Amino acid sequence: MAHRQVHSRDDREEPSPSQRYARYMAERRHDVTLAAGFARTLPFELDDFQKQADDALEAGRNVLVAAPTGAGKTVVADFAVFLARHRGVKAFYTTPIKALSNQKYHDLVDLYGSDAVGLLTGDTSVNSEADIVVMTTEVLRNMLYERSTTLDRLGYVILDEVHYLADRFRGPVWEEVIIHLPSSVRIIALSATVSNVEDFSGWISSVRGATSLVVSEHRPVPLEQHVIIQRDDDHEPELIDLYRTDSSGRPTTDVNPHLLRRLNDLDTRARRHSPSSPKKRRRHDGGDDGRGDVRRHVPKRWAVVDELHYLDLLPGIYFIFSRAGCDRAVEQCLAAGLELTTDEESERIGRIVDDMVAGQLPDSDLKALHFARFRFALQEGFAPHHAGMIALFRQIVEHLFELGLVRVVFATETLALGINMPARCVVVEKLEKFDGTAHVPLTPGEFTQLTGRAGRRGVDDIGHAIVVDHQGFVPAMAAALSSRRVYPLHSSFRPTFNMAVNLLSSSDYDTARETLDHSFAQWEANESSVDIEARIRTLQDALASYEKAFRCEHGDFREYMTIRMRLSDLQKRGRGDIARRRFDSPQQRRQALRRLEGDIAELRDEERRHPCRSCPDLNRHLVWGHRWMRETRELERLRQRYDDRTGSVARRFDSICSILESLGYLERDSSDALVLTGRGQVLRRLYGDHDLLVAEALVDGVLGDLQPRELATVLSGVVYEARHGGDDEPGRYPGGEDGRIARVCARMRDLWSRLEETRLDAGLDPSEPLDFSLAPTVHAWADGSDLAEVLSHGNMTGGDFVRTMKRLSDLLGQISSACDARPDVAAVRPGVVAAARDAITRGVVAYSGVD
């Protein structure tokens with residue numbers, strides 16, 4: 001029988017926005033600064049770092065705030081909005097994801113009213129000319145390039161989660177915004193604590209002028225580290241401190257010896273009950289006792305939750321690095337009869353859920369999304385939260401969690417990005433995750449980001465970070481992750497075709513090139529040559545120590561890991577490399593694919609036959625081997641970066657402009673200056689990895705004869721990204737292999753191949769290949785099929801389908817803008833693009849998530 005326990009919540013009342021403003025006005029005449037007046041409106045005392053940041057902002061400086069999750073960085077952002085309101089200028093609040101934008105929009109509406117606040121997320125536009133506008137960073141970047149009038153009177157821009165600029169795919173947008181914002185605009189950059197924050201601050205100063213760096217390492221709510229173990233299903237899980245405590249009860253930096261003894265006891269018991277002969281095993285202090293590698297009992301998810309509920313450590317976020325794992329965890333809790341809510345709470349949850357769903361989606365969509373099961377789990381007090389869910393369901397979970405009604409959320413790591421869902425405890429199921437090719441250890445930064453959600457300011461005295469015992473778990477690994485609080489921030493900035501034409505639309509070539517020299521990427525390249533050399537030497541030393549640690553008596557383990565790395569690289573990139581090549585016939589392409597499969601099979605066989613595969617210490621060696629593989633790749637990246645560092649960004653810009661000139665997007669005027677052509681004006685309005693491909697398809701008439709649903713179907717190949725690889729073509733194209741859709745898809749693939757060859761010849765990074773495997777699904781949806789039918793076409797989740805359709809809708813919107821700008825160049829029939837967008841933006845796809 002599951003435990004049931006009711007916990008009281010802190011219902012302290014806070015002053016309303018009108019009361020706060022009245023208090024401010026009544027006390028304003030006694031204040032020396034606006035910052036002091038703002039502080040008096042708050043129901044809590046500001047920390048020193050918040051006061052320091054607010055004072056710098058009022059003094060007219062840019063501000064970079066680096067502090068742990070939950071430390072209160074957003075108070076500085078709130079003061080920026082307050083300051084903008086007082087000074088009669090606009091404030092933009094940018095976030096990396098739409099969910100954060102929606103959440104912040106609602107927060108600001110509660111504070112300033114719906115008339116004063118707008119929201120722009122690409123597929124949603126609410127009150128866009130308001131004085132306070134929340135938006136994704138891409139929206140602001142596009143405004144800057146289009147010189148939108150919405151930028152008039154802009155005084156402050158908040159860049160939330162600015163460390164996201166390290167993201168490989170979307171990170172460059174942050175640098176574009178920081179570089180291109182008018183010099184009169186002040187930036188408030190909010191970041192997690194990163195190890196090279198001084199470098200980042202120095203770069204912002206070089207681009208934006210006077211910038212105050214404010215760093216806080218202090219967590220308002222102390223964090224305790226634990227491990228949860230379980231002897232077997234007949235015994236309750238046991239929560240044990242990760243660290244030993246001193247005589248005063250304070251945690252030390254030493255791993256708790258009681259934890260080590262308990263884990264060794266579990267191994268002894270597991271070995272005694274194991275039907276197989278004992279193998280060599282790892283000691284839990286990281287050494288080797290030579291007595292066998294055993295598989296001890298791993299705590300059940302529902303049992304962990306039940307124990308945390310009993311210990312009054314909920315609400316909690318339980319991180320599982322798999323969408324399917326999150327869904328299974330909910331089913332396991334239901335099957336175990338776990339109940340975390342009272343009858344009254346369950347009824348209240350039902351009413352809230354029904355109110356949030358009412359009128360949003362048709363019953364057929366709700367049925368296809370298994371809404372009844374989702375609702376039932378919520379009423380029991382637990383729920384999943386991952387990108388495979390539709391936005392409405394995730395918002396329901398977030399709202400109920402904030403109200404304290406949902407006690408446990410099983411989430412993937414995306415929840416750690418910044419959504420305001422603090423908890424009393426955070427559970428991390430494993431200290432490794434699958435990165436698409438292999439299971440790799442968590443980094444200190446990832447672990448910190450996850451556990452940073454533990455501890456609610458003003459509610460909890462202590463937050464709890466809990467690692468679940470699992471196969472291969474070594475407490476020293478958890479201690480190493482938790483003791484390192486920072487990670488480096490590196491630029492992912494790369495000029496793109498779209499960026500080039502936008503820069504050249506408002507400046508000459510030399511000025512555009514100089515602008516790119518101001519990027520953080522170039523700053524790092526210019527400033528870090530000595531650091532790179534030192535890092536290379538450090539990595540070489542680390543690799544030598546890893547090779548010593550995994551030395552194997554059965555064979556050359558370095559050779560074994562090299563085989564595994566080659567196999568991983570071939571599986572991940574082999575098909576894409578073939579797709580980028582040009583073949584004279586489909587038969588040649590099939591032959592290349594067969595050779596690829598043969599090479600993969602040969603490597604797999606070589607890996608299976610390698611003598612190290614039979615080593616009883618294989619799992620222990622692999623722990624070091626995976627680190628060796630990761631650091632080897634990092635070493636290769638650093639060597640390449642060292643070779644290319646000086647002027648690398650501008651050189652890439654040169655290559656891009658050369659391609660654009662050869663394709664007719666740029667031309668020389670009478671003074672030999674590069675200027676945009678009509679094609680260039682079309683490309684200006686197309687964003688994304690395939691910007692040039694879409695432009696070429698438009699101006700060359702590839703898409704000109706398509707009907708609306710056919711256009712949507714073909715363009716799905718541009719935006720769709722399969723999560724687990726597989727064929728990039730459907731089993732059957734709508735209309736048959738000789739139909740119009742199949743023919744245009746083939747032309748798009750040929751066009752991509754030609755452009756890819758041009759890119760590679762110019763030394764540019766390869767782009768992702770097109771993937772038309774979703775074509776039947778998109779065609780059916782655009783033709784009016786219901787959600788249940790289109791989801792039955794494959795194993796796609798509702799959330800993935802909606803996300804892809806919204807990306808497709810956004811692309812169609814870009815194409816519409818390009819066609820409106822240059823109808824003489826973009827060869828698509830009038831009305832077809834709008835009709836295609838209307839055909840896919842319906843039902844669950846049309847839901848904006850704002851209401």
# chains A, B, ... in the order shown; residues from 1 in each chain; ligands from 1
call {"tool": "closest_atom_pairs", "arguments": {"of": "segment 669-704 of chain A", "to": "segment 129-148 of chain A", "cutoff": "9 Å", "atoms": "only C-alpha atoms", "output": "Markdown table"}}
result
| residue | atom | partner | partner_atom | distance |
| --- | --- | --- | --- | --- |
| A:Arg684 | CA | A:Tyr145 | CA | 8.3 |
| A:Arg685 | CA | A:Glu146 | CA | 8.4 |
| A:Tyr687 | CA | A:Asn142 | CA | 8.7 |
call {"tool": "closest_atom_pairs", "arguments": {"of": "segment 428-524 of chain A", "to": "segment 657-668 of chain A", "cutoff": "10 Å", "atoms": "only C-alpha atoms", "output": "JSON lines"}}
result
{"residue": "A:Thr496", "atom": "CA", "partner": "A:Cys657", "partner_atom": "CA", "distance": 9.7}
{"residue": "A:Phe497", "atom": "CA", "partner": "A:Leu660", "partner_atom": "CA", "distance": 7.6}
{"residue": "A:Ala500", "atom": "CA", "partner": "A:Cys657", "partner_atom": "CA", "distance": 7.0}
{"residue": "A:Val501", "atom": "CA", "partner": "A:Leu666", "partner_atom": "CA", "distance": 8.0}
{"residue": "A:Leu504", "atom": "CA", "partner": "A:Leu666", "partner_atom": "CA", "distance": 9.1}
{"residue": "A:Tyr509", "atom": "CA", "partner": "A:Cys657", "partner_atom": "CA", "distance": 9.4}
call {"tool": "closest_residue", "arguments": {"among": "A:Thr95, A:Ala411, A:Ser519, A:Val63", "to": "His180 of chain A", "atoms": "only C-alpha atoms"}}
result
A:Ser519
call {"tool": "atom_distance", "arguments": {"atom1": "atom CA of Ile390 of chain A", "atom2": "atom CA of Leu808 of chain A"}}
result
16.0 Å
call {"tool": "closest_residue", "arguments": {"among": "A:Asp672, A:Val409, A:Lys300, A:Arg424", "to": "Asp232 of chain A", "atoms": "only C-alpha atoms"}}
result
A:Lys300
call {"tool": "select_by_dssp", "arguments": {"residues": "segment 553-726 of chain A", "states": "strand (DSSP E or B)", "output": "ChimeraX atom specification"}}
result
/A:555,666-668,674-676
call {"tool": "write_last_selection", "arguments": {"atoms": "N, CA and C atoms", "output": "PDB file, in the first residue's frame"}}
result
ATOM      1  N   GLY A 555      44.364  -7.417 -24.241  1.00  0.00           N
ATOM      2  CA  GLY A 555      44.654  -6.839 -25.541  1.00  0.00           C
ATOM      3  C   GLY A 555      44.856  -5.337 -25.445  1.00  0.00           C
ATOM      4  N   LEU A 666      24.556  37.998 -54.970  1.00  0.00           N
ATOM      5  CA  LEU A 666      25.326  39.223 -54.836  1.00  0.00           C
ATOM      6  C   LEU A 666      25.912  39.566 -56.201  1.00  0.00           C
ATOM      7  N   GLU A 667      26.126  40.865 -56.421  1.00  0.00           N
ATOM      8  CA  GLU A 667      26.766  41.294 -57.656  1.00  0.00           C
ATOM      9  C   GLU A 667      27.597  42.535 -57.377  1.00  0.00           C
ATOM     10  N   ARG A 668      28.473  42.856 -58.306  1.00  0.00           N
ATOM     11  CA  ARG A 668      29.325  44.042 -58.164  1.00  0.00           C
ATOM     12  C   ARG A 668      28.637  45.246 -58.806  1.00  0.00           C
ATOM     13  N   LEU A 674      30.110  44.860 -53.438  1.00  0.00           N
ATOM     14  CA  LEU A 674      29.116  43.792 -53.463  1.00  0.00           C
ATOM     15  C   LEU A 674      27.779  44.313 -52.955  1.00  0.00           C
ATOM     16  N   VAL A 675      26.730  44.093 -53.731  1.00  0.00           N
ATOM     17  CA  VAL A 675      25.382  44.504 -53.338  1.00  0.00           C
ATOM     18  C   VAL A 675      24.424  43.358 -53.607  1.00  0.00           C
ATOM     19  N   LEU A 676      23.254  43.432 -52.965  1.00  0.00           N
ATOM     20  CA  LEU A 676      22.261  42.378 -53.107  1.00  0.00           C
ATOM     21  C   LEU A 676      21.516  42.485 -54.430  1.00  0.00           C
TER      22      LEU A 676
END
call {"tool": "closest_residue", "arguments": {"among": "A:Tyr105, A:Tyr243, A:Tyr560, A:Phe382", "to": "Gly337 of chain A", "atoms": "only C-alpha atoms"}}
result
A:Phe382
call {"tool": "atom_distance", "arguments": {"atom1": "atom CA of Phe319 of chain A", "atom2": "atom CA of Leu366 of chain A"}}
result
26.0 Å
call {"tool": "closest_residue", "arguments": {"among": "A:Arg842, A:Arg269, A:Arg323, A:Arg564", "to": "Ile600 of chain A", "atoms": "only C-alpha atoms"}}
result
A:Arg564
call {"tool": "atom_distance", "arguments": {"atom1": "atom CA of Ala821 of chain A", "atom2": "atom CA of Ala697 of chain A"}}
result
16.3 Å
call {"tool": "closest_residue", "arguments": {"among": "A:Gly60, A:Pro257, A:Pro823, A:Gly350", "to": "Val682 of chain A", "atoms": "only C-alpha atoms"}}
result
A:Pro823
call {"tool": "closest_residue", "arguments": {"among": "A:Phe520, A:Trp174, A:Tyr112, A:Phe447", "to": "Arg85 of chain A", "atoms": "only C-alpha atoms"}}
result
A:Tyr112
call {"tool": "residues_around", "arguments": {"residues": "Val428 of chain A", "least_positions_apart": "6", "cutoff": "7 Å", "atoms": "only C-alpha atoms", "output": "list in words"}}
result
Tyr318, Phe319, Ile320, Ile466, Val467 and Val468 of chain A
call {"tool": "select_by_dssp", "arguments": {"residues": "segment 367-551 of chain A", "states": "alpha helix (DSSP H)", "output": "ChimeraX atom specification"}}
result
/A:367-368,371-380,391-402,444-451,475-483,497-506,509-517,520-527,529-549
